[in-house]
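Chemist: The structure that follows is given in the form of structure tokens.
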Amino acid sequence: MPALLHLDSSPRRGSVSRQISGEFAETWRKANPDGSYVYRDLAADPVPHVDHAQIEVMHRLESEGIRDLAVARGATRTPEEEASWAVTWPLIEELLAADTILLGVPMYNFSVPSTFKVWFDRVLIAPLIADPATGQGPLSGKRVVVASARGGAYGPGTPRHDFDHQEPYLKAALSMVGLASNLTFLHAELTKSAHVPRLEQFKEMAATSYQTAIDGARTHGQA
């Protein structure tokens with residue numbers, strides 16, 4: 001049975017990244033009426049930051065070379081570690097269960113929202129990291145779609161292309177857990193042209209970029 005994990009990280013209701021991810025999710029659910037759909041709003045219900053207890057467990061997994069997920073699940077030793085791991089493990093199980101992962105991730109200050117970063121810090125445990133020799137791991141083979149919104153233009157050839165630490169970060173981070181081999185970005189750019197006077201001249205370009213992202217969401221959602 002196909003399974004979609006859908007995460008949104010923008011705190012703005014009706015944000016462009018939410019519109020794009022919502023379009024993909026709606027299309028996917030129509031195409032997969034019997035599929036499993038799990039949604040997390042990382043802004044409305046933020047994941048707690050990684051704490052001392054989780055770091056202790058993570059260091060133990062690394063130092064003991066534990067790669068087995070079943071062993072990792074029971075690797076806690078104190079009530080504090082158990083409480084922290086109880087936050088982390090459901091997030092990991094959602095990742096493992098999905099065959100498509102949909103990430104609504106706007107660009108914030110040239111990178112990603114802290115809400116998304118906290119979620120990723122929680123799930124990045126040693127047993128999920130891809131084997132450096134093979135590039136394969138427990139999450140390999142899953143499809144990832146990133147619904148992205150950017151206030152300006154950061155594509156190749158634009159003046160601020162080098163300021164883009166959103167897409168490169170996501171590619172690098174997701175590659176650590178074997179999720180970069182089937183990765184699609186749906187970027188809507190120049191979204192600030194709707195309310196920033198100096199960018200008003202780019203409204204038409206923004207509309208085209210937005211429509212391209214929406215069309216892409218519909219196309220990829222049917223796959």
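Residue numbers start at 1 in each chain; chains themselves are named A, B, ... in the order of the structure tokens; ligands are numbered from 1 in the order shown.
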Within stretch 109-204 of chain A, find each residue whose DSSP state, derived from the backbone, is strand (DSSP E or B), and express the selection as a list of chain:residue names.

Modeler: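 Secondary structure check on stretch 109-204 of chain A, strand (DSSP E or B): A:Ser111, A:Arg143, A:Val144, A:Val145, A:Val146, A:Ala147, A:Ser148, A:Ala149, A:Leu183, A:Thr184, A:Phe185, A:Leu186, A:His187, A:Ala188.
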
Chemist: Output N, CA, C and O atoms for every residue in the selection just made, as a PDB file, in the first residue's frame.

Modeler:
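What ended up in selection_13.pdb:
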ATOM      1  N   SER A 111      18.133  29.885   4.210  1.00  0.00           N
ATOM      2  CA  SER A 111      18.206  28.477   4.574  1.00  0.00           C
ATOM      3  C   SER A 111      16.805  27.939   4.849  1.00  0.00           C
ATOM      4  O   SER A 111      15.861  28.318   4.164  1.00  0.00           O
ATOM      5  N   ARG A 143      10.939   8.254  -2.284  1.00  0.00           N
ATOM      6  CA  ARG A 143      10.879   9.480  -3.081  1.00  0.00           C
ATOM      7  C   ARG A 143      10.668  10.677  -2.162  1.00  0.00           C
ATOM      8  O   ARG A 143       9.873  10.628  -1.224  1.00  0.00           O
ATOM      9  N   VAL A 144      11.377  11.776  -2.431  1.00  0.00           N
ATOM     10  CA  VAL A 144      11.231  13.001  -1.653  1.00  0.00           C
ATOM     11  C   VAL A 144      10.869  14.153  -2.580  1.00  0.00           C
ATOM     12  O   VAL A 144      11.511  14.355  -3.618  1.00  0.00           O
ATOM     13  N   VAL A 145       9.838  14.895  -2.211  1.00  0.00           N
ATOM     14  CA  VAL A 145       9.425  16.075  -2.959  1.00  0.00           C
ATOM     15  C   VAL A 145       9.458  17.262  -2.003  1.00  0.00           C
ATOM     16  O   VAL A 145       8.865  17.205  -0.920  1.00  0.00           O
ATOM     17  N   VAL A 146      10.157  18.319  -2.394  1.00  0.00           N
ATOM     18  CA  VAL A 146      10.265  19.531  -1.574  1.00  0.00           C
ATOM     19  C   VAL A 146       9.431  20.637  -2.204  1.00  0.00           C
ATOM     20  O   VAL A 146       9.681  21.057  -3.333  1.00  0.00           O
ATOM     21  N   ALA A 147       8.419  21.103  -1.477  1.00  0.00           N
ATOM     22  CA  ALA A 147       7.603  22.240  -1.899  1.00  0.00           C
ATOM     23  C   ALA A 147       8.210  23.490  -1.268  1.00  0.00           C
ATOM     24  O   ALA A 147       8.163  23.671  -0.061  1.00  0.00           O
ATOM     25  N   SER A 148       8.778  24.330  -2.088  1.00  0.00           N
ATOM     26  CA  SER A 148       9.602  25.441  -1.606  1.00  0.00           C
ATOM     27  C   SER A 148       9.054  26.786  -2.053  1.00  0.00           C
ATOM     28  O   SER A 148       8.538  26.927  -3.167  1.00  0.00           O
ATOM     29  N   ALA A 149       9.171  27.774  -1.167  1.00  0.00           N
ATOM     30  CA  ALA A 149       8.836  29.160  -1.518  1.00  0.00           C
ATOM     31  C   ALA A 149      10.008  30.048  -1.149  1.00  0.00           C
ATOM     32  O   ALA A 149      10.611  29.889  -0.087  1.00  0.00           O
ATOM     33  N   LEU A 183      14.953  12.891  -5.593  1.00  0.00           N
ATOM     34  CA  LEU A 183      14.633  14.144  -4.912  1.00  0.00           C
ATOM     35  C   LEU A 183      14.188  15.194  -5.924  1.00  0.00           C
ATOM     36  O   LEU A 183      14.891  15.483  -6.890  1.00  0.00           O
ATOM     37  N   THR A 184      13.003  15.766  -5.695  1.00  0.00           N
ATOM     38  CA  THR A 184      12.439  16.768  -6.593  1.00  0.00           C
ATOM     39  C   THR A 184      12.164  18.056  -5.825  1.00  0.00           C
ATOM     40  O   THR A 184      11.573  18.026  -4.745  1.00  0.00           O
ATOM     41  N   PHE A 185      12.579  19.192  -6.398  1.00  0.00           N
ATOM     42  CA  PHE A 185      12.292  20.501  -5.815  1.00  0.00           C
ATOM     43  C   PHE A 185      11.244  21.211  -6.658  1.00  0.00           C
ATOM     44  O   PHE A 185      11.367  21.287  -7.883  1.00  0.00           O
ATOM     45  N   LEU A 186      10.230  21.738  -5.995  1.00  0.00           N
ATOM     46  CA  LEU A 186       9.214  22.553  -6.641  1.00  0.00           C
ATOM     47  C   LEU A 186       9.314  23.949  -6.051  1.00  0.00           C
ATOM     48  O   LEU A 186       8.749  24.239  -4.995  1.00  0.00           O
ATOM     49  N   HIS A 187      10.081  24.821  -6.707  1.00  0.00           N
ATOM     50  CA  HIS A 187      10.355  26.166  -6.193  1.00  0.00           C
ATOM     51  C   HIS A 187       9.375  27.195  -6.749  1.00  0.00           C
ATOM     52  O   HIS A 187       9.178  27.278  -7.966  1.00  0.00           O
ATOM     53  N   ALA A 188       8.786  27.975  -5.869  1.00  0.00           N
ATOM     54  CA  ALA A 188       8.057  29.185  -6.266  1.00  0.00           C
ATOM     55  C   ALA A 188       8.878  30.369  -5.779  1.00  0.00           C
ATOM     56  O   ALA A 188       9.099  30.527  -4.577  1.00  0.00           O
TER      57      ALA A 188
END

Chemist: Can you pull out every residue within 10 Å of A:Tyr108, counting only C-alpha atoms, but drop anything in the same chain fewer than 5 positions away, and send it as a list in words?

Modeler: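 Everything that qualifies: Ser10, Pro113, Ser114, Ala149, Arg150, Gly151, His165 and Gln166 of chain A.
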
Chemist: Please dump the current selection as a CSV table (one decimal), in the first residue's frame; keep N, CA and C atoms.

Modeler:
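Dumped to part32.csv:
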chain,number,residue,atom,x,y,z
A,10,SER,N,6.2,26.0,7.5
A,10,SER,CA,6.0,27.4,7.5
A,10,SER,C,5.0,27.7,8.6
A,113,PRO,N,13.5,26.8,7.7
A,113,PRO,CA,13.0,27.2,9.0
A,113,PRO,C,13.5,26.3,10.1
A,114,SER,N,13.6,26.9,11.3
A,114,SER,CA,14.1,26.1,12.4
A,114,SER,C,13.2,24.9,12.8
A,149,ALA,N,9.2,27.8,-1.2
A,149,ALA,CA,8.8,29.2,-1.5
A,149,ALA,C,10.0,30.0,-1.1
A,150,ARG,N,10.3,31.0,-2.0
A,150,ARG,CA,11.5,31.9,-1.8
A,150,ARG,C,11.0,33.3,-2.1
A,151,GLY,N,11.3,34.2,-1.2
A,151,GLY,CA,10.9,35.6,-1.4
A,151,GLY,C,11.5,36.3,-2.6
A,165,HIS,N,21.2,28.7,0.4
A,165,HIS,CA,21.7,27.6,1.3
A,165,HIS,C,20.5,26.7,1.7
A,166,GLN,N,19.4,26.9,1.0
A,166,GLN,CA,18.3,26.0,1.3
A,166,GLN,C,18.4,24.7,0.5

Chemist: Looking at only C-alpha atoms, which of A:Thr27, A:Thr76, A:Gln19, A:Thr191 is the one that sits closest to A:Thr219?

Modeler: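 Among the listed residues, A:Thr27 lies closest to A:Thr219.
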
Chemist: I'd like the contact shell of A:Gly141 - 10 Å cut-off, only C-alpha atoms, skipping same-chain residues fewer than 5 positions apart - returned as an NGL selection string.

Modeler: :A and (99-100 or 136 or 178-182)

Chemist: Taking a cut-off of 7 Å and counting only C-alpha atoms, can you build a table that, for each residue of stretch 99-215 of chain A near stretch 36-58 of chain A, reports the nearest atom pair and how far apart they are in Å (one decimal), sorted by chain then residue number, as a tab-separated table?

Modeler:
residue	atom	partner	partner_atom	distance
A:Thr115	CA	A:Leu42	CA	5.8
A:Phe116	CA	A:Leu42	CA	6.8
A:Val118	CA	A:His49	CA	5.6
A:Trp119	CA	A:Val47	CA	5.9
A:Asp121	CA	A:Val50	CA	6.7
A:Arg122	CA	A:Val50	CA	6.0
A:Ile125	CA	A:Met58	CA	6.3
A:Ala126	CA	A:Met58	CA	7.0

Chemist: Put those residues in a file: N, CA, C and O atoms, as a compact mmCIF listing (two decimals), in the first residue's frame.

Modeler:
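Saved to part_15.txt:
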# COMPACT_ATOMS: atom_id res chain seq x y z
N THR A 115 11.91 25.07 12.47
CA THR A 115 10.97 23.98 12.75
C THR A 115 11.35 22.72 11.98
O THR A 115 11.24 21.61 12.51
N PHE A 116 11.78 22.90 10.73
CA PHE A 116 12.21 21.74 9.95
C PHE A 116 13.54 21.20 10.47
O PHE A 116 13.72 19.99 10.61
N VAL A 118 14.79 21.26 13.43
CA VAL A 118 14.62 20.51 14.68
C VAL A 118 14.11 19.11 14.39
O VAL A 118 14.58 18.13 14.99
N TRP A 119 13.14 18.99 13.49
CA TRP A 119 12.64 17.66 13.12
C TRP A 119 13.76 16.80 12.56
O TRP A 119 13.92 15.63 12.96
N ASP A 121 17.01 17.09 12.98
CA ASP A 121 17.99 16.76 14.02
C ASP A 121 17.51 15.58 14.87
O ASP A 121 18.31 14.76 15.33
N ARG A 122 16.20 15.50 15.08
CA ARG A 122 15.64 14.40 15.87
C ARG A 122 15.77 13.05 15.16
O ARG A 122 16.10 12.04 15.77
N ILE A 125 19.59 9.68 13.25
CA ILE A 125 20.30 8.80 14.17
C ILE A 125 21.19 7.86 13.36
O ILE A 125 20.96 7.62 12.18
N ALA A 126 22.19 7.31 14.00
CA ALA A 126 23.21 6.52 13.32
C ALA A 126 22.66 5.40 12.44
O ALA A 126 23.12 5.22 11.30

Chemist: Could you please write out, as a ChimeraX atom specification, every residue of stretch 15-115 of chain A that DSSP assigns to alpha helix (DSSP H)?

Modeler: /A:16-31,52-63,69-73,79-97,114-115

Chemist: Quick check, in Å to one decimal: how far apart do atom CA of A:Gln211 and atom CA of A:Lys142 lie?

Modeler: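 Computed distance, atom CA of A:Gln211 to atom CA of A:Lys142, equals 26.1 Å.
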
Chemist: Skip A:Ala70 itself and residues of its chain fewer than 2 positions away, then list as a ChimeraX atom specification all residues within 12 Å of it, counting only C-alpha atoms.

Modeler: /A:61,66-68,72-75,89,92-93,127-128

Chemist: Export, as a CSV table (one decimal), in the first residue's frame, the selected residues with all heavy atoms.

Modeler:
chain,number,residue,atom,x,y,z
A,61,LEU,N,25.0,4.9,20.4
A,61,LEU,CA,24.8,4.2,19.2
A,61,LEU,C,26.0,4.3,18.3
A,61,LEU,O,26.4,3.3,17.7
A,61,LEU,CB,23.6,4.7,18.4
A,61,LEU,CG,22.2,4.6,19.1
A,61,LEU,CD1,21.1,5.3,18.2
A,61,LEU,CD2,21.8,3.1,19.3
A,66,ILE,N,26.2,0.6,16.6
A,66,ILE,CA,24.9,0.0,16.5
A,66,ILE,C,24.2,0.5,15.2
A,66,ILE,O,23.9,1.7,15.0
A,66,ILE,CB,24.0,0.3,17.7
A,66,ILE,CG1,24.6,-0.4,18.9
A,66,ILE,CG2,22.6,-0.2,17.5
A,66,ILE,CD1,23.9,0.0,20.2
A,67,ARG,N,23.8,-0.5,14.3
A,67,ARG,CA,23.2,-0.1,13.0
A,67,ARG,C,21.8,-0.7,13.0
A,67,ARG,O,21.0,-0.4,12.1
A,67,ARG,CB,24.0,-0.6,11.9
A,67,ARG,CG,25.4,-0.1,11.8
A,67,ARG,CD,25.4,1.3,11.3
A,67,ARG,NE,24.8,1.4,10.0
A,67,ARG,CZ,24.5,2.6,9.4
A,67,ARG,NH1,24.8,3.7,10.0
A,67,ARG,NH2,24.0,2.6,8.2
A,68,ASP,N,21.5,-1.7,13.9
A,68,ASP,CA,20.2,-2.4,13.9
A,68,ASP,C,19.1,-1.5,14.5
A,68,ASP,O,19.3,-1.0,15.7
A,68,ASP,CB,20.3,-3.7,14.6
A,68,ASP,CG,19.1,-4.5,14.5
A,68,ASP,OD1,18.1,-4.2,15.2
A,68,ASP,OD2,19.1,-5.5,13.8
A,72,ALA,N,18.5,-0.2,18.4
A,72,ALA,CA,18.5,1.2,18.6
A,72,ALA,C,17.3,1.7,19.4
A,72,ALA,O,17.3,2.5,20.3
A,72,ALA,CB,18.7,2.0,17.4
A,73,ARG,N,16.1,1.1,19.0
A,73,ARG,CA,14.9,1.5,19.7
A,73,ARG,C,14.9,1.2,21.2
A,73,ARG,O,14.3,2.0,22.0
A,73,ARG,CB,13.7,0.7,19.1
A,73,ARG,CG,12.4,1.1,19.6
A,73,ARG,CD,11.3,0.5,18.8
A,73,ARG,NE,10.0,1.0,19.3
A,73,ARG,CZ,8.8,0.7,18.6
A,73,ARG,NH1,8.8,0.0,17.6
A,73,ARG,NH2,7.7,1.2,19.1
A,74,GLY,N,15.6,0.2,21.6
A,74,GLY,CA,15.7,-0.1,23.0
A,74,GLY,C,17.0,0.3,23.7
A,74,GLY,O,17.4,-0.3,24.7
A,75,ALA,N,17.7,1.3,23.1
A,75,ALA,CA,19.0,1.7,23.6
A,75,ALA,C,19.1,2.6,24.7
A,75,ALA,O,20.1,3.0,25.2
A,75,ALA,CB,19.8,2.3,22.4
A,89,TRP,N,11.2,8.5,18.5
A,89,TRP,CA,10.9,7.2,17.7
A,89,TRP,C,9.7,7.3,16.8
A,89,TRP,O,9.7,6.7,15.7
A,89,TRP,CB,10.9,6.0,18.7
A,89,TRP,CG,11.3,4.8,17.9
A,89,TRP,CD1,10.6,3.8,17.4
A,89,TRP,CD2,12.7,4.5,17.5
A,89,TRP,NE1,11.3,2.9,16.7
A,89,TRP,CE2,12.6,3.3,16.8
A,89,TRP,CE3,13.9,5.1,17.7
A,89,TRP,CZ2,13.7,2.7,16.2
A,89,TRP,CZ3,15.0,4.5,17.1
A,89,TRP,CH2,14.9,3.3,16.4
A,92,ILE,N,10.7,8.7,13.5
A,92,ILE,CA,11.5,7.7,12.7
A,92,ILE,C,10.6,6.7,12.1
A,92,ILE,O,10.7,6.3,10.9
A,92,ILE,CB,12.6,7.0,13.6
A,92,ILE,CG1,13.6,8.1,14.0
A,92,ILE,CG2,13.2,5.9,12.9
A,92,ILE,CD1,14.6,7.6,15.0
A,93,GLU,N,9.6,6.2,12.9
A,93,GLU,CA,8.7,5.2,12.4
A,93,GLU,C,7.9,5.7,11.2
A,93,GLU,O,7.6,5.0,10.2
A,93,GLU,CB,7.8,4.7,13.5
A,93,GLU,CG,8.5,3.8,14.5
A,93,GLU,CD,7.5,3.3,15.6
A,93,GLU,OE1,6.6,4.0,15.9
A,93,GLU,OE2,7.8,2.2,16.1
A,127,PRO,N,21.7,4.6,12.9
A,127,PRO,CA,21.2,3.5,12.1
A,127,PRO,C,20.5,3.9,10.8
A,127,PRO,O,20.4,3.1,9.8
A,127,PRO,CB,20.2,2.8,13.0
A,127,PRO,CG,20.7,3.1,14.3
A,127,PRO,CD,21.1,4.5,14.3
A,128,LEU,N,20.1,5.2,10.7
A,128,LEU,CA,19.5,5.7,9.4
A,128,LEU,C,20.5,6.3,8.4
A,128,LEU,O,20.2,6.5,7.3
A,128,LEU,CB,18.4,6.7,9.7
A,128,LEU,CG,17.2,6.3,10.5
A,128,LEU,CD1,16.2,7.4,10.6
A,128,LEU,CD2,16.5,5.1,9.7

Chemist: So, with only C-alpha atoms as the atoms that count, which of A:Thr88, A:Ser193, A:Asn32, A:Ser21 lies closest to A:Ala223?

Modeler: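 Closest to A:Ala223 of all the choices is A:Asn32.
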
Chemist: Need the shell around A:Arg198: protein/DNA/RNA residues with any atom at most 12 Å away, counting only C-alpha atoms. Skip same-chain ones fewer than 6 positions apart. Format as a list in words?

Modeler: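 Once the nearby chain positions are removed, what remains is Gly152, Leu190 and Lys192 of chain A.
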
Chemist: Got time to write the residues from that selection, N, CA, C and O atoms, as a PDB file, in the first residue's frame?

Modeler:
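Result file follows (out.pdb):
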ATOM      1  N   GLY A 152      12.779  35.882  -2.914  1.00  0.00           N
ATOM      2  CA  GLY A 152      13.479  36.442  -4.066  1.00  0.00           C
ATOM      3  C   GLY A 152      13.749  35.375  -5.107  1.00  0.00           C
ATOM      4  O   GLY A 152      13.097  34.335  -5.127  1.00  0.00           O
ATOM      5  N   LEU A 190      10.260  34.618  -5.848  1.00  0.00           N
ATOM      6  CA  LEU A 190       9.829  36.019  -5.884  1.00  0.00           C
ATOM      7  C   LEU A 190       8.469  36.230  -5.205  1.00  0.00           C
ATOM      8  O   LEU A 190       7.703  37.109  -5.571  1.00  0.00           O
ATOM      9  N   LYS A 192       7.817  37.537  -2.442  1.00  0.00           N
ATOM     10  CA  LYS A 192       7.707  38.832  -1.760  1.00  0.00           C
ATOM     11  C   LYS A 192       7.271  39.962  -2.692  1.00  0.00           C
ATOM     12  O   LYS A 192       6.964  41.059  -2.231  1.00  0.00           O
TER      13      LYS A 192
END

Chemist: Enter the distance from atom CA of A:Val16 to atom CA of A:Glu189, in Å, rounded to one decimal.

Modeler: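 So the two atoms, atom CA of A:Val16 and atom CA of A:Glu189, lie 9.6 Å apart.
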
Chemist: If you measure from atom CA of A:Asp8 to atom CA of A:Val105, what distance in Å do you get, rounded to one decimal?

Modeler: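 Atom CA of A:Asp8 sits 6.6 Å away from atom CA of A:Val105.
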